[in-house]
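Shown here: target_14.pdb, PDB, C-alpha atoms.
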```pdb
ATOM      1  CA  MET A   1      32.272  -9.993  34.660
ATOM      2  CA  PRO A   2      31.605 -13.398  36.281
ATOM      3  CA  THR A   3      31.517 -16.441  34.037
ATOM      4  CA  ARG A   4      28.078 -17.975  33.636
ATOM      5  CA  THR A   5      27.638 -21.664  34.207
ATOM      6  CA  PHE A   6      26.025 -24.034  31.730
ATOM      7  CA  ASP A   7      22.963 -24.390  33.979
ATOM      8  CA  GLU A   8      22.505 -20.616  34.111
ATOM      9  CA  ILE A   9      22.734 -20.315  30.321
ATOM     10  CA  LEU A  10      20.261 -23.181  29.935
ATOM     11  CA  ALA A  11      17.853 -21.561  32.395
ATOM     12  CA  ASP A  12      18.012 -18.258  30.468
ATOM     13  CA  GLU A  13      17.300 -20.089  27.225
ATOM     14  CA  ARG A  14      14.285 -21.799  28.797
ATOM     15  CA  ARG A  15      12.927 -18.500  30.105
ATOM     16  CA  SER A  16      13.389 -16.924  26.673
ATOM     17  CA  ALA A  17      11.611 -19.866  25.040
ATOM     18  CA  LEU A  18       8.737 -19.603  27.527
ATOM     19  CA  ARG A  19       8.358 -15.876  26.843
ATOM     20  CA  GLY A  20       8.309 -16.551  23.114
ATOM     21  CA  ALA A  21       5.735 -19.317  23.529
ATOM     22  CA  GLY A  22       3.600 -17.064  25.732
ATOM     23  CA  LEU A  23       3.705 -14.296  23.129
ATOM     24  CA  VAL A  24       2.725 -16.722  20.339
ATOM     25  CA  ALA A  25      -0.136 -18.054  22.477
ATOM     26  CA  LEU A  26      -1.354 -14.509  23.159
ATOM     27  CA  ILE A  27      -1.281 -13.604  19.451
ATOM     28  CA  PHE A  28      -3.133 -16.831  18.614
ATOM     29  CA  ALA A  29      -5.780 -16.089  21.239
ATOM     30  CA  VAL A  30      -6.284 -12.553  19.912
ATOM     31  CA  CYS A  31      -6.689 -13.900  16.363
ATOM     32  CA  ILE A  32      -9.260 -16.499  17.446
ATOM     33  CA  ALA A  33     -11.149 -13.909  19.492
ATOM     34  CA  SER A  34     -11.227 -11.544  16.490
ATOM     35  CA  LEU A  35     -12.596 -14.286  14.210
ATOM     36  CA  TRP A  36     -15.255 -15.140  16.794
ATOM     37  CA  ALA A  37     -16.225 -11.478  17.316
ATOM     38  CA  THR A  38     -16.758 -10.971  13.574
ATOM     39  CA  GLY A  39     -19.000 -14.037  13.254
ATOM     40  CA  PHE A  40     -16.566 -16.246  11.365
ATOM     41  CA  PHE A  41     -17.556 -19.304  13.403
ATOM     42  CA  ASP A  42     -21.294 -18.823  12.760
ATOM     43  CA  ALA A  43     -21.907 -21.991  10.722
ATOM     44  CA  GLN A  44     -25.650 -21.313  10.424
ATOM     45  CA  ARG A  45     -25.034 -17.982   8.749
ATOM     46  CA  PHE A  46     -22.726 -19.579   6.192
ATOM     47  CA  ALA A  47     -25.262 -22.328   5.537
ATOM     48  CA  GLU A  48     -28.091 -19.834   5.013
ATOM     49  CA  SER A  49     -25.984 -17.807   2.577
ATOM     50  CA  GLY A  50     -25.360 -20.818   0.343
ATOM     51  CA  PRO A  51     -28.449 -20.412  -1.912
ATOM     52  CA  ALA A  52     -27.810 -16.678  -2.401
ATOM     53  CA  ILE A  53     -24.179 -17.312  -3.332
ATOM     54  CA  SER A  54     -25.238 -20.055  -5.740
ATOM     55  CA  GLN A  55     -27.818 -17.763  -7.378
ATOM     56  CA  LEU A  56     -25.303 -14.936  -7.717
ATOM     57  CA  ALA A  57     -22.708 -17.268  -9.223
ATOM     58  CA  SER A  58     -25.213 -18.578 -11.766
ATOM     59  CA  GLU A  59     -26.015 -15.010 -12.850
ATOM     60  CA  MET A  60     -22.315 -14.170 -13.285
ATOM     61  CA  VAL A  61     -21.621 -17.120 -15.595
ATOM     62  CA  PRO A  62     -20.971 -16.900 -18.470
ATOM     63  CA  PRO A  63     -19.327 -13.438 -18.453
ATOM     64  CA  ASP A  64     -20.751 -10.937 -20.917
ATOM     65  CA  PHE A  65     -18.001  -9.219 -22.940
ATOM     66  CA  ALA A  66     -20.402  -7.565 -25.408
ATOM     67  CA  ARG A  67     -19.330  -4.061 -24.288
ATOM     68  CA  TRP A  68     -15.594  -4.750 -24.034
ATOM     69  CA  GLN A  69     -14.682  -1.927 -26.421
ATOM     70  CA  SER A  70     -16.338   0.621 -24.132
ATOM     71  CA  TRP A  71     -14.062  -0.523 -21.293
ATOM     72  CA  LEU A  72     -10.785   0.255 -23.071
ATOM     73  CA  ARG A  73     -10.844   3.988 -22.298
ATOM     74  CA  PRO A  74     -11.761   3.492 -18.603
ATOM     75  CA  LEU A  75      -8.980   0.892 -18.281
ATOM     76  CA  ALA A  76      -6.543   3.364 -19.857
ATOM     77  CA  ASP A  77      -7.770   6.033 -17.420
ATOM     78  CA  THR A  78      -7.195   3.625 -14.545
ATOM     79  CA  LEU A  79      -3.636   2.975 -15.722
ATOM     80  CA  ALA A  80      -2.988   6.701 -16.109
ATOM     81  CA  MET A  81      -4.389   7.353 -12.631
ATOM     82  CA  SER A  82      -2.071   4.744 -11.124
ATOM     83  CA  ILE A  83       1.011   6.214 -12.815
ATOM     84  CA  ALA A  84       0.121   9.845 -12.058
ATOM     85  CA  GLY A  85      -0.737   9.008  -8.444
ATOM     86  CA  THR A  86       2.576   7.207  -8.001
ATOM     87  CA  VAL A  87       4.595  10.070  -9.498
ATOM     88  CA  LEU A  88       2.885  12.638  -7.300
ATOM     89  CA  ALA A  89       3.268  10.432  -4.214
ATOM     90  CA  VAL A  90       7.014  10.003  -4.823
ATOM     91  CA  VAL A  91       7.561  13.734  -5.390
ATOM     92  CA  LEU A  92       5.823  14.545  -2.091
ATOM     93  CA  SER A  93       7.143  11.583  -0.096
ATOM     94  CA  LEU A  94      10.887  11.934  -0.645
ATOM     95  CA  PRO A  95      11.384  15.342   1.035
ATOM     96  CA  LEU A  96       9.008  14.342   3.842
ATOM     97  CA  ALA A  97      10.928  11.090   4.328
ATOM     98  CA  ILE A  98      14.193  13.006   4.686
ATOM     99  CA  LEU A  99      12.566  15.135   7.387
ATOM    100  CA  ALA A 100      11.056  12.035   9.045
ATOM    101  CA  ALA A 101      14.307  10.057   9.320
ATOM    102  CA  PRO A 102      16.201  10.743  12.579
ATOM    103  CA  ASN A 103      19.615  10.745  10.886
ATOM    104  CA  THR A 104      18.617  13.378   8.286
ATOM    105  CA  SER A 105      15.940  15.397  10.062
ATOM    106  CA  PRO A 106      17.151  18.905  11.010
ATOM    107  CA  HIS A 107      15.463  18.880  14.437
ATOM    108  CA  PRO A 108      13.596  16.406  16.714
ATOM    109  CA  THR A 109      10.478  18.603  16.564
ATOM    110  CA  VAL A 110      10.462  18.432  12.777
ATOM    111  CA  TYR A 111      10.921  14.663  12.998
ATOM    112  CA  TYR A 112       7.887  14.173  15.261
ATOM    113  CA  VAL A 113       5.675  16.600  13.332
ATOM    114  CA  VAL A 114       6.389  14.948   9.968
ATOM    115  CA  ARG A 115       5.998  11.450  11.425
ATOM    116  CA  THR A 116       2.610  12.470  12.812
ATOM    117  CA  LEU A 117       1.596  13.901   9.435
ATOM    118  CA  LEU A 118       2.558  10.670   7.659
ATOM    119  CA  ALA A 119       0.601   8.627  10.204
ATOM    120  CA  PHE A 120      -2.459  10.825   9.674
ATOM    121  CA  LEU A 121      -2.299  10.451   5.882
ATOM    122  CA  ARG A 122      -2.007   6.676   6.226
ATOM    123  CA  SER A 123      -5.043   6.548   8.477
ATOM    124  CA  VAL A 124      -7.440   8.075   5.912
ATOM    125  CA  PRO A 125      -8.573   5.459   3.328
ATOM    126  CA  GLU A 126      -8.399   6.222  -0.384
ATOM    127  CA  LEU A 127     -12.169   5.871  -0.725
ATOM    128  CA  ILE A 128     -12.797   8.619   1.830
ATOM    129  CA  LEU A 129     -10.256  10.864   0.151
ATOM    130  CA  GLY A 130     -11.827  10.029  -3.200
ATOM    131  CA  VAL A 131     -15.265  11.123  -1.980
ATOM    132  CA  LEU A 132     -13.801  14.370  -0.614
ATOM    133  CA  PHE A 133     -11.891  15.187  -3.795
ATOM    134  CA  VAL A 134     -14.880  14.329  -6.001
ATOM    135  CA  ALA A 135     -16.875  16.851  -3.980
ATOM    136  CA  ALA A 136     -14.044  19.379  -4.278
ATOM    137  CA  VAL A 137     -12.927  19.101  -7.925
ATOM    138  CA  GLY A 138     -15.736  17.114  -9.558
ATOM    139  CA  PHE A 139     -15.942  13.729 -11.230
ATOM    140  CA  GLY A 140     -13.173  12.228 -13.338
ATOM    141  CA  ALA A 141      -9.656  10.918 -12.988
ATOM    142  CA  LEU A 142      -8.231  13.969 -11.161
ATOM    143  CA  PRO A 143      -9.852  13.259  -7.757
ATOM    144  CA  GLY A 144      -8.651   9.658  -8.053
ATOM    145  CA  VAL A 145      -5.080  10.781  -8.662
ATOM    146  CA  LEU A 146      -5.189  13.173  -5.707
ATOM    147  CA  ALA A 147      -6.707  10.549  -3.413
ATOM    148  CA  LEU A 148      -4.131   7.907  -4.368
ATOM    149  CA  ALA A 149      -1.215  10.306  -4.016
ATOM    150  CA  LEU A 150      -2.253  11.807  -0.694
ATOM    151  CA  HIS A 151      -2.924   8.450   0.955
ATOM    152  CA  SER A 152       0.270   6.946  -0.463
ATOM    153  CA  VAL A 153       2.398   9.803   0.841
ATOM    154  CA  GLY A 154       1.721   8.465   4.323
ATOM    155  CA  MET A 155       2.779   4.930   3.411
ATOM    156  CA  VAL A 156       5.555   5.630   0.909
ATOM    157  CA  GLY A 157       7.004   8.379   3.093
ATOM    158  CA  LYS A 158       7.143   5.951   6.024
ATOM    159  CA  PHE A 159       8.924   3.275   3.973
ATOM    160  CA  TYR A 160      11.347   5.820   2.528
ATOM    161  CA  ALA A 161      12.099   7.216   5.992
ATOM    162  CA  GLU A 162      12.779   3.762   7.425
ATOM    163  CA  ALA A 163      15.137   2.976   4.554
ATOM    164  CA  ILE A 164      16.999   6.254   5.131
ATOM    165  CA  GLU A 165      17.085   5.615   8.881
ATOM    166  CA  HIS A 166      18.967   2.325   8.430
ATOM    167  CA  VAL A 167      21.724   3.515   6.078
ATOM    168  CA  ASP A 168      25.360   2.931   6.978
ATOM    169  CA  PRO A 169      26.400   6.016   9.009
ATOM    170  CA  LYS A 170      30.066   5.887   7.953
ATOM    171  CA  PRO A 171      29.596   7.530   4.523
ATOM    172  CA  LEU A 172      27.552  10.268   6.199
ATOM    173  CA  GLU A 173      30.308  10.897   8.749
ATOM    174  CA  ALA A 174      32.944  10.923   6.010
ATOM    175  CA  ALA A 175      30.963  13.426   3.950
ATOM    176  CA  ARG A 176      30.470  15.712   6.941
ATOM    177  CA  ALA A 177      34.176  15.450   7.812
ATOM    178  CA  ALA A 178      35.019  16.500   4.257
ATOM    179  CA  GLY A 179      32.955  19.673   4.741
ATOM    180  CA  ALA A 180      29.785  18.669   2.883
ATOM    181  CA  ASN A 181      26.626  20.540   3.789
ATOM    182  CA  ARG A 182      23.322  18.823   4.680
ATOM    183  CA  MET A 183      22.046  18.667   1.089
ATOM    184  CA  GLN A 184      25.362  17.294  -0.206
ATOM    185  CA  VAL A 185      25.367  14.626   2.490
ATOM    186  CA  ILE A 186      21.863  13.547   1.475
ATOM    187  CA  LEU A 187      22.642  13.549  -2.269
ATOM    188  CA  HIS A 188      26.019  11.813  -2.112
ATOM    189  CA  ALA A 189      25.946   9.696   1.054
ATOM    190  CA  VAL A 190      22.299   8.842   1.759
ATOM    191  CA  LEU A 191      20.414   8.506  -1.529
ATOM    192  CA  PRO A 192      22.964   6.224  -3.273
ATOM    193  CA  GLN A 193      22.572   3.737  -0.400
ATOM    194  CA  VAL A 194      18.770   3.672  -0.366
ATOM    195  CA  LEU A 195      18.003   4.029  -4.072
ATOM    196  CA  PRO A 196      17.381   0.274  -4.616
ATOM    197  CA  GLN A 197      14.945   0.134  -1.661
ATOM    198  CA  LEU A 198      13.186   3.305  -2.798
ATOM    199  CA  THR A 199      12.818   1.856  -6.289
ATOM    200  CA  ASP A 200      11.277  -1.357  -4.943
ATOM    201  CA  VAL A 201       8.815   0.549  -2.768
ATOM    202  CA  THR A 202       7.837   2.820  -5.657
ATOM    203  CA  ILE A 203       7.178  -0.052  -8.067
ATOM    204  CA  TYR A 204       5.199  -2.020  -5.493
ATOM    205  CA  ARG A 205       3.141   1.068  -4.780
ATOM    206  CA  TRP A 206       2.424   1.565  -8.477
ATOM    207  CA  GLU A 207       1.149  -2.016  -8.676
ATOM    208  CA  TYR A 208      -1.082  -1.318  -5.675
ATOM    209  CA  HIS A 209      -2.285   1.949  -7.194
ATOM    210  CA  PHE A 210      -3.659   0.197 -10.258
ATOM    211  CA  ARG A 211      -5.834  -2.056  -8.091
ATOM    212  CA  ALA A 212      -6.871   0.876  -5.901
ATOM    213  CA  SER A 213      -7.692   3.000  -8.960
ATOM    214  CA  ALA A 214     -10.209   0.401 -10.089
ATOM    215  CA  VAL A 215     -11.971   0.720  -6.739
ATOM    216  CA  LEU A 216     -11.907   4.529  -6.669
ATOM    217  CA  GLY A 217     -14.024   4.640  -9.801
ATOM    218  CA  ILE A 218     -16.899   3.380  -7.675
ATOM    219  CA  VAL A 219     -17.121   6.772  -5.915
ATOM    220  CA  GLY A 220     -16.997   8.716  -9.194
ATOM    221  CA  ALA A 221     -13.232   9.113  -9.500
ATOM    222  CA  GLY A 222     -13.129   7.800 -13.055
ATOM    223  CA  GLY A 223     -11.623   4.633 -14.458
ATOM    224  CA  ILE A 224     -13.007   1.133 -14.851
ATOM    225  CA  GLY A 225     -14.546   1.219 -11.389
ATOM    226  CA  PHE A 226     -17.236   3.560 -12.705
ATOM    227  CA  GLU A 227     -18.242   0.937 -15.288
ATOM    228  CA  LEU A 228     -18.186  -1.736 -12.590
ATOM    229  CA  MET A 229     -20.513   0.259 -10.355
ATOM    230  CA  ALA A 230     -22.881   0.965 -13.273
ATOM    231  CA  ALA A 231     -23.147  -2.765 -14.010
ATOM    232  CA  LEU A 232     -23.772  -3.522 -10.339
ATOM    233  CA  ARG A 233     -26.546  -0.944 -10.098
ATOM    234  CA  LEU A 234     -28.260  -2.446 -13.150
ATOM    235  CA  LEU A 235     -27.861  -5.953 -11.668
ATOM    236  CA  LYS A 236     -25.930  -7.072 -14.760
ATOM    237  CA  TYR A 237     -23.843  -9.620 -12.904
ATOM    238  CA  ASP A 238     -22.640 -11.317 -16.101
ATOM    239  CA  GLU A 239     -21.164  -7.967 -17.142
ATOM    240  CA  VAL A 240     -19.740  -7.503 -13.635
ATOM    241  CA  SER A 241     -17.863 -10.794 -13.938
ATOM    242  CA  ALA A 242     -16.545  -9.772 -17.367
ATOM    243  CA  ILE A 243     -15.267  -6.450 -15.988
ATOM    244  CA  LEU A 244     -13.629  -8.243 -13.061
ATOM    245  CA  ILE A 245     -11.874 -10.580 -15.483
ATOM    246  CA  ALA A 246     -10.659  -7.575 -17.504
ATOM    247  CA  ILE A 247      -9.350  -5.941 -14.316
ATOM    248  CA  LEU A 248      -7.628  -9.194 -13.324
ATOM    249  CA  ALA A 249      -5.933  -9.433 -16.715
ATOM    250  CA  CYS A 250      -4.674  -5.849 -16.412
ATOM    251  CA  VAL A 251      -3.446  -6.458 -12.860
ATOM    252  CA  VAL A 252      -1.460  -9.483 -14.054
ATOM    253  CA  VAL A 253       0.106  -7.385 -16.826
ATOM    254  CA  VAL A 254       0.944  -4.540 -14.417
ATOM    255  CA  ASP A 255       2.469  -6.969 -11.911
ATOM    256  CA  GLY A 256       4.556  -8.483 -14.714
ATOM    257  CA  ILE A 257       5.795  -5.046 -15.773
ATOM    258  CA  GLY A 258       6.625  -4.260 -12.156
ATOM    259  CA  ALA A 259       8.631  -7.476 -11.784
ATOM    260  CA  TYR A 260      10.531  -6.678 -14.996
ATOM    261  CA  LEU A 261      11.321  -3.144 -13.817
ATOM    262  CA  ARG A 262      12.600  -4.392 -10.465
ATOM    263  CA  LYS A 263      15.030  -6.754 -12.199
ATOM    264  CA  ALA A 264      16.065  -4.190 -14.783
ATOM    265  CA  LEU A 265      16.768  -1.456 -12.221
ATOM    266  CA  LYS A 266      18.839  -3.600  -9.838
TER     267      LYS A 266
END
```
I'd like the structure from this file rewritten - as structure tokens, please.
Amino acid sequence: MPTRTFDEILADERRSALRGAGLVALIFAVCIASLWATGFFDAQRFAESGPAISQLASEMVPPDFARWQSWLRPLADTLAMSIAGTVLAVVLSLPLAILAAPNTSPHPTVYYVVRTLLAFLRSVPELILGVLFVAAVGFGALPGVLALALHSVGMVGKFYAEAIEHVDPKPLEAARAAGANRMQVILHAVLPQVLPQLTDVTIYRWEYHFRASAVLGIVGAGGIGFELMAALRLLKYDEVSAILIAILACVVVVDGIGAYLRKALK
């Protein structure tokens, strides 16, 4: 292989820098175009919305916590929905992730089919799934749990599969050389390597599920979101602000618990 001169190396570096700069400029242009297309630069529209925003803010302050006791059960339902949805998502995601990782999938066809399934589940928002499950099984926490779990299978399964895909192949080869079957390879050579990443993804998803559960109540899937929608329909904006503060406090607590669990399980 011929030795490259300093000028040739410098020219390659310049070309690489120019390509990087061109890519950054393209991304920047796409971002600006997207902001313009959605009306972000419409100063007149922002100016005209000022009085309405001011009126709404005045009606939300001070928050009305008179009914705080009636929110305790919906908040507990929201927490239960987030935990149940996470458990169900993990139970469904792990076997799908094993089938969706190229180094553990039994066949390329299975790999592509499962990857397509995960992409489809990710593409359907929780709110749409919530509406469908409310129509199927009725109002309450159950449709919220099903909606959270089914949507999260697409995301959690993808993250799990990518973690499995990037494991060190040497333990897998050693296990196969020792005569281990496919399940033994997964249990003893794959899962011990990815368990910390899977734990992080699971905890982060639980934190997300609590916030999403509060929103799902708006479509009748139970939880504090149902109370929030009731206050909005009655134009009780002072109560809306109080409910939002209660949700924020719970989110902070859940995030703190998640951070503690991540440290404790490392």
Picked residues, the PyMOL selection byres ((chain A and resi 100-107) around 8), as a PyMOL selection string: chain A and resi 96-99+108-112+114-115+158+161-162+164-165+186
Leaving out stretch 253-259 of chain A and any residue of its chain fewer than 6 positions from it, which residues lie within 9 Å of it when counting only C-alpha atoms, given as an NGL selection string? :A and (79 or 203-204 or 206-207 or 210)
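Atom CA of A:Ser213 sits 11.1 Å away from atom CA of A:Thr86.
Comparing A:Leu75, A:Val91, A:Val61, A:Val24 by their smallest distance to A:Gly157, the closest is A:Val91 (using all atoms listed in the file).
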Might you spell out which residues the PyMOL selection byres ((chain A and resi 45-58) around 12) would select in the displayed file, as a list in words? Thr38, Gly39, Phe40, Phe41, Asp42, Ala43, Gln44, Glu59, Met60, Val61, Pro62, Pro63, Leu232, Leu235, Lys236, Tyr237, Asp238, Val240 and Ser241 of chain A
Distance of atom CA of A:Gly217 from atom CA of A:Gly138, expressed in Å to one decimal place: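 Interatomic distance, atom CA of A:Gly138 to atom CA of A:Gly217: 12.6 Å.
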